[in-house]
Amino acid sequence: MIALCDGIEIAYDDVGSGPPIAFIHGFPHNRSLWSPQLGALVDRARCIAPDLRGFGESSRHGPYTIDQYADDVAMLLEELDIEHAVVVGLSMGGYVAFALWRRHRALVRALVLADTRAGADTDDGRDKRRALIDVARTRGSDAVAAAQIVGMIGKTTRDKRPALIDDVHRMLARANVDGIVGALEAMMARIDSTPTLATIDVPTLVIVGDEDVLTPKSESQILHDAIRGSKLEVIEHAGHVSNMERPAAFNHVLSEFIASLDYS
Ligand code: MLT
């Protein structure tokens with residue numbers, strides 16, 4: 001489906017019924033990242049999964065900032081008459097979830113922060129993003145996908161489920177260069193969300209794959225320590241895309257969390 005949000009086309013899935021959950025993908029993903037969750041939760045929740053602008057079937061118009069991505073998600077939820085949603089963000093989607101919390105707090109019923117971090121980019125991290133922008137512009141999205149896939153999948157999945165590497169690689173390679181460059185610039189410019197953590201007063205679940213090398217467990221521990229009352233779940237034998245690598249384990253902790261929320 002496509003919604004027009006402030007003149008921008010945002011493509012999204014909207015399946016199931018029950019408490020609304022908004023799923024926000026990472027970089028350079030698209031909403032298909034969340035297929036294993038939508039399939040499993042459809043009987044229990046209304047699952048909304050947008051393509052962030054520049055990705056999937058959404059419009060490629062800028063500006064590209066983390067705040068703009070958050071505003072797009074907020075506009076989509078408002079368009080769909082959703083007053084509050086559980087916001088699930090993976091990696092860059094987590095950066096967007098922090099911005100949603102800062103800018104559209106009333107929309108956020110609860111947070112699920114998967115394989116993400118609070119801190120801004122380091123100087124070294126920004127240099128790496130500039131190099132990747134150069135790769136995107138000179139060699140295209142396939143080369144970006146080849147560079148990103150290396151850290152994206154955990155060791156166990158690489159050894160035991162090599163077919164998943166091809167699936168994830170295909171998803172990454174579908175990203176277009178405008179969206180890739182826009183997201184890299186957005187992430188380079190993002191603010192440090194560490195001070196935000198102490199302001200979070202909605203139920204929060206932090207999830208991380210124990211083989212995540214891009215946003216390692218230590219980053220999730222920082223989130224868990226700083227967000228009052230949060231829960232930390234470590235998915236064993238999963239890397240950065242823990243929701244795809246161990247979907248049953250991920251869906252189990254997510255479902256338990258949703259069931260624990262009071263909707264009376
Ligand atoms: C992601 O998966 O969204 C990226 O690893 C986030 C990042 O590069 O900071």
# chains A, B, ... in the order shown; residues from 1 in each chain; ligands from 1
>>> residues_near_ligand(ligand="ligand 1", cutoff="6 Å", atoms="only C-alpha atoms and all ligand atoms", output="list in words")
Gly26, Phe27, Ser91, Met92 and Leu214 of chain A
>>> select_by_dssp(residues="region 20-133 of chain A", states="strand (DSSP E or B)", output="list in words")
Pro20, Ile21, Ala22, Phe23, Ile24, Arg46, Cys47, Ile48, Ala49, Pro50, Ala85, Val86, Val87, Val88, Gly89, Leu90, Val108, Arg109, Ala110, Leu111, Val112, Leu113 and Ala114 of chain A
>>> write_last_selection(atoms="N, CA, C and O atoms", output="compact mmCIF listing (two decimals), in the first residue's frame")
# COMPACT_ATOMS: atom_id res chain seq x y z
N PRO A 20 -1.54 -1.91 17.70
CA PRO A 20 -0.67 -1.55 16.57
C PRO A 20 0.83 -1.63 16.92
O PRO A 20 1.24 -1.21 17.99
N ILE A 21 1.57 -2.17 15.98
CA ILE A 21 3.04 -2.21 16.10
C ILE A 21 3.62 -1.60 14.83
O ILE A 21 3.24 -2.00 13.73
N ALA A 22 4.52 -0.62 14.97
CA ALA A 22 5.20 -0.04 13.80
C ALA A 22 6.62 -0.59 13.76
O ALA A 22 7.37 -0.46 14.73
N PHE A 23 6.96 -1.21 12.65
CA PHE A 23 8.27 -1.84 12.49
C PHE A 23 9.14 -0.97 11.58
O PHE A 23 8.77 -0.72 10.43
N ILE A 24 10.28 -0.55 12.09
CA ILE A 24 11.14 0.37 11.31
C ILE A 24 12.45 -0.34 10.97
O ILE A 24 13.20 -0.76 11.87
N ARG A 46 -1.82 -5.47 14.96
CA ARG A 46 -1.88 -4.79 13.67
C ARG A 46 -0.45 -4.34 13.35
O ARG A 46 0.11 -3.48 14.04
N CYS A 47 0.14 -4.94 12.35
CA CYS A 47 1.56 -4.73 12.05
C CYS A 47 1.70 -3.75 10.89
O CYS A 47 1.26 -4.03 9.77
N ILE A 48 2.35 -2.62 11.16
CA ILE A 48 2.58 -1.61 10.13
C ILE A 48 4.08 -1.58 9.85
O ILE A 48 4.88 -1.38 10.79
N ALA A 49 4.47 -1.81 8.61
CA ALA A 49 5.91 -1.79 8.28
C ALA A 49 6.12 -0.89 7.07
O ALA A 49 5.81 -1.28 5.95
N PRO A 50 6.62 0.33 7.29
CA PRO A 50 6.87 1.22 6.14
C PRO A 50 8.25 1.00 5.53
O PRO A 50 9.17 0.51 6.19
N ALA A 85 1.37 3.39 19.03
CA ALA A 85 1.88 2.12 18.51
C ALA A 85 3.10 1.69 19.32
O ALA A 85 3.84 2.53 19.83
N VAL A 86 3.28 0.39 19.41
CA VAL A 86 4.57 -0.12 19.89
C VAL A 86 5.54 0.12 18.73
O VAL A 86 5.25 -0.26 17.59
N VAL A 87 6.65 0.78 19.00
CA VAL A 87 7.59 1.10 17.93
C VAL A 87 8.78 0.16 18.04
O VAL A 87 9.46 0.12 19.06
N VAL A 88 8.99 -0.62 16.98
CA VAL A 88 10.09 -1.58 16.94
C VAL A 88 11.10 -1.09 15.90
O VAL A 88 10.77 -0.97 14.72
N GLY A 89 12.31 -0.78 16.32
CA GLY A 89 13.31 -0.30 15.36
C GLY A 89 14.56 -1.15 15.44
O GLY A 89 15.04 -1.46 16.53
N LEU A 90 15.05 -1.56 14.27
CA LEU A 90 16.29 -2.34 14.24
C LEU A 90 17.40 -1.47 13.68
O LEU A 90 17.27 -0.88 12.59
N VAL A 108 3.97 6.92 20.94
CA VAL A 108 4.77 5.74 21.29
C VAL A 108 4.18 5.04 22.52
O VAL A 108 4.29 5.55 23.64
N ARG A 109 3.59 3.89 22.31
CA ARG A 109 3.01 3.12 23.43
C ARG A 109 4.09 2.36 24.18
O ARG A 109 4.03 2.18 25.40
N ALA A 110 5.09 1.87 23.44
CA ALA A 110 6.20 1.11 24.01
C ALA A 110 7.30 1.07 22.95
O ALA A 110 7.05 1.35 21.78
N LEU A 111 8.51 0.71 23.39
CA LEU A 111 9.64 0.69 22.46
C LEU A 111 10.31 -0.69 22.44
O LEU A 111 10.47 -1.30 23.51
N VAL A 112 10.70 -1.10 21.26
CA VAL A 112 11.55 -2.29 21.13
C VAL A 112 12.77 -1.86 20.33
O VAL A 112 12.65 -1.42 19.17
N LEU A 113 13.93 -1.92 20.97
CA LEU A 113 15.16 -1.43 20.36
C LEU A 113 16.04 -2.64 20.06
O LEU A 113 16.60 -3.25 20.97
N ALA A 114 16.11 -2.98 18.78
CA ALA A 114 16.81 -4.21 18.40
C ALA A 114 18.13 -3.89 17.71
O ALA A 114 18.17 -3.08 16.77
>>> closest_residue(among="A:Pro28, A:Gly18, A:Gly125, A:Gly154", to="Asp142 (chain A)", atoms="only C-alpha atoms")
A:Pro28
>>> atom_distance(atom1="CA of Pro216 (chain A)", atom2="CA of Val96 (chain A)")
18.6 Å
>>> residues_around(residues="Leu172 (chain A)", least_positions_apart="4", cutoff="12 Å", atoms="only C-alpha atoms", output="number ranges by chain")
A: 25-33, 55-56, 140-150, 152, 165-168, 176-177, 179-180
>>> write_last_selection(atoms="C-alpha atoms", output="compact mmCIF listing (two decimals), in the first residue's frame")
# COMPACT_ATOMS: atom_id res chain seq x y z
CA HIS A 25 13.87 -1.21 9.21
CA GLY A 26 17.60 -0.51 9.25
CA PHE A 27 20.18 0.38 6.60
CA PRO A 28 20.07 -0.36 3.70
CA HIS A 29 17.03 -2.52 4.24
CA ASN A 30 13.40 -2.19 3.27
CA ARG A 31 10.18 -3.32 4.91
CA SER A 32 10.69 -6.93 3.78
CA LEU A 33 13.17 -7.15 6.69
CA PHE A 55 14.08 2.65 0.29
CA GLY A 56 11.81 -0.04 -1.14
CA GLY A 140 26.36 1.24 -7.14
CA SER A 141 24.16 -0.54 -4.65
CA ASP A 142 25.47 -4.03 -5.36
CA ALA A 143 28.91 -2.98 -4.15
CA VAL A 144 27.34 -1.39 -1.05
CA ALA A 145 25.43 -4.62 -0.40
CA ALA A 146 28.65 -6.61 -0.73
CA ALA A 147 30.37 -4.30 1.77
CA GLN A 148 27.49 -4.35 4.27
CA ILE A 149 26.65 -8.05 4.21
CA VAL A 150 30.00 -8.90 5.81
CA MET A 152 25.32 -8.03 8.98
CA ILE A 165 23.05 -14.60 3.31
CA ASP A 166 21.75 -14.59 -0.28
CA ASP A 167 18.28 -13.44 0.86
CA VAL A 168 19.69 -10.57 2.91
CA ASN A 176 18.87 2.61 -4.66
CA VAL A 177 21.84 4.94 -4.59
CA GLY A 179 18.36 6.31 -0.62
CA ILE A 180 21.71 4.83 0.39
>>> residues_around(residues="Lys160 (chain A)", least_positions_apart="5", cutoff="12 Å", atoms="only C-alpha atoms", output="MDAnalysis selection string")
chainID A and resid 153:155 165 237:238 245:246
>>> write_last_selection(atoms="all heavy atoms", output="PDB file, in the first residue's frame")
ATOM      1  N   ILE A 153      25.515 -10.438   9.162  1.00  0.00           N
ATOM      2  CA  ILE A 153      25.029 -11.779   9.516  1.00  0.00           C
ATOM      3  C   ILE A 153      25.996 -12.414  10.524  1.00  0.00           C
ATOM      4  O   ILE A 153      27.207 -12.350  10.339  1.00  0.00           O
ATOM      5  CB  ILE A 153      24.991 -12.673   8.250  1.00  0.00           C
ATOM      6  CG1 ILE A 153      24.255 -11.978   7.106  1.00  0.00           C
ATOM      7  CG2 ILE A 153      24.441 -14.050   8.554  1.00  0.00           C
ATOM      8  CD1 ILE A 153      22.787 -12.158   7.077  1.00  0.00           C
ATOM      9  N   GLY A 154      25.449 -13.045  11.547  1.00  0.00           N
ATOM     10  CA  GLY A 154      26.292 -13.666  12.579  1.00  0.00           C
ATOM     11  C   GLY A 154      26.995 -14.922  12.069  1.00  0.00           C
ATOM     12  O   GLY A 154      26.602 -15.524  11.064  1.00  0.00           O
ATOM     13  N   LYS A 155      28.022 -15.321  12.823  1.00  0.00           N
ATOM     14  CA  LYS A 155      28.866 -16.452  12.406  1.00  0.00           C
ATOM     15  C   LYS A 155      28.054 -17.746  12.284  1.00  0.00           C
ATOM     16  O   LYS A 155      28.193 -18.491  11.318  1.00  0.00           O
ATOM     17  CB  LYS A 155      29.994 -16.629  13.431  1.00  0.00           C
ATOM     18  CG  LYS A 155      30.943 -17.728  13.066  1.00  0.00           C
ATOM     19  CD  LYS A 155      32.059 -17.885  14.062  1.00  0.00           C
ATOM     20  CE  LYS A 155      32.995 -19.029  13.691  1.00  0.00           C
ATOM     21  NZ  LYS A 155      32.395 -20.183  13.048  1.00  0.00           N
ATOM     22  N   ILE A 165      22.122 -15.661   3.746  1.00  0.00           N
ATOM     23  CA  ILE A 165      23.047 -14.603   3.308  1.00  0.00           C
ATOM     24  C   ILE A 165      22.582 -14.077   1.949  1.00  0.00           C
ATOM     25  O   ILE A 165      22.552 -12.869   1.710  1.00  0.00           O
ATOM     26  CB  ILE A 165      24.501 -15.135   3.200  1.00  0.00           C
ATOM     27  CG1 ILE A 165      24.944 -15.710   4.532  1.00  0.00           C
ATOM     28  CG2 ILE A 165      25.443 -14.035   2.727  1.00  0.00           C
ATOM     29  CD1 ILE A 165      26.338 -16.294   4.518  1.00  0.00           C
ATOM     30  N   HIS A 237      23.256 -17.069  19.110  1.00  0.00           N
ATOM     31  CA  HIS A 237      23.588 -17.528  17.752  1.00  0.00           C
ATOM     32  C   HIS A 237      22.960 -16.648  16.672  1.00  0.00           C
ATOM     33  O   HIS A 237      22.591 -17.139  15.604  1.00  0.00           O
ATOM     34  CB  HIS A 237      23.163 -18.984  17.539  1.00  0.00           C
ATOM     35  CG  HIS A 237      23.631 -19.898  18.625  1.00  0.00           C
ATOM     36  ND1 HIS A 237      24.953 -19.978  18.994  1.00  0.00           N
ATOM     37  CD2 HIS A 237      22.950 -20.743  19.440  1.00  0.00           C
ATOM     38  CE1 HIS A 237      25.073 -20.839  19.989  1.00  0.00           C
ATOM     39  NE2 HIS A 237      23.872 -21.309  20.290  1.00  0.00           N
ATOM     40  N   ALA A 238      22.781 -15.372  16.963  1.00  0.00           N
ATOM     41  CA  ALA A 238      22.249 -14.443  15.952  1.00  0.00           C
ATOM     42  C   ALA A 238      23.182 -13.244  15.855  1.00  0.00           C
ATOM     43  O   ALA A 238      23.816 -12.842  16.835  1.00  0.00           O
ATOM     44  CB  ALA A 238      20.848 -13.974  16.325  1.00  0.00           C
ATOM     45  N   GLU A 245      17.614 -13.887  11.483  1.00  0.00           N
ATOM     46  CA  GLU A 245      18.475 -15.042  11.721  1.00  0.00           C
ATOM     47  C   GLU A 245      17.834 -16.053  12.675  1.00  0.00           C
ATOM     48  O   GLU A 245      17.973 -17.254  12.500  1.00  0.00           O
ATOM     49  CB  GLU A 245      19.821 -14.567  12.278  1.00  0.00           C
ATOM     50  CG  GLU A 245      20.600 -13.761  11.259  1.00  0.00           C
ATOM     51  CD  GLU A 245      21.928 -13.271  11.794  1.00  0.00           C
ATOM     52  OE1 GLU A 245      22.723 -14.079  12.297  1.00  0.00           O
ATOM     53  OE2 GLU A 245      22.171 -12.047  11.713  1.00  0.00           O
ATOM     54  N   ARG A 246      17.168 -15.552  13.722  1.00  0.00           N
ATOM     55  CA  ARG A 246      16.496 -16.439  14.690  1.00  0.00           C
ATOM     56  C   ARG A 246      15.063 -15.935  14.857  1.00  0.00           C
ATOM     57  O   ARG A 246      14.687 -15.457  15.946  1.00  0.00           O
ATOM     58  CB  ARG A 246      17.218 -16.412  16.037  1.00  0.00           C
ATOM     59  CG  ARG A 246      18.675 -16.890  16.055  1.00  0.00           C
ATOM     60  CD  ARG A 246      18.849 -18.397  16.120  1.00  0.00           C
ATOM     61  NE  ARG A 246      17.870 -19.101  16.905  1.00  0.00           N
ATOM     62  CZ  ARG A 246      17.914 -19.261  18.242  1.00  0.00           C
ATOM     63  NH1 ARG A 246      18.906 -18.780  18.921  1.00  0.00           N
ATOM     64  NH2 ARG A 246      16.973 -19.924  18.862  1.00  0.00           N
TER      65      ARG A 246
END
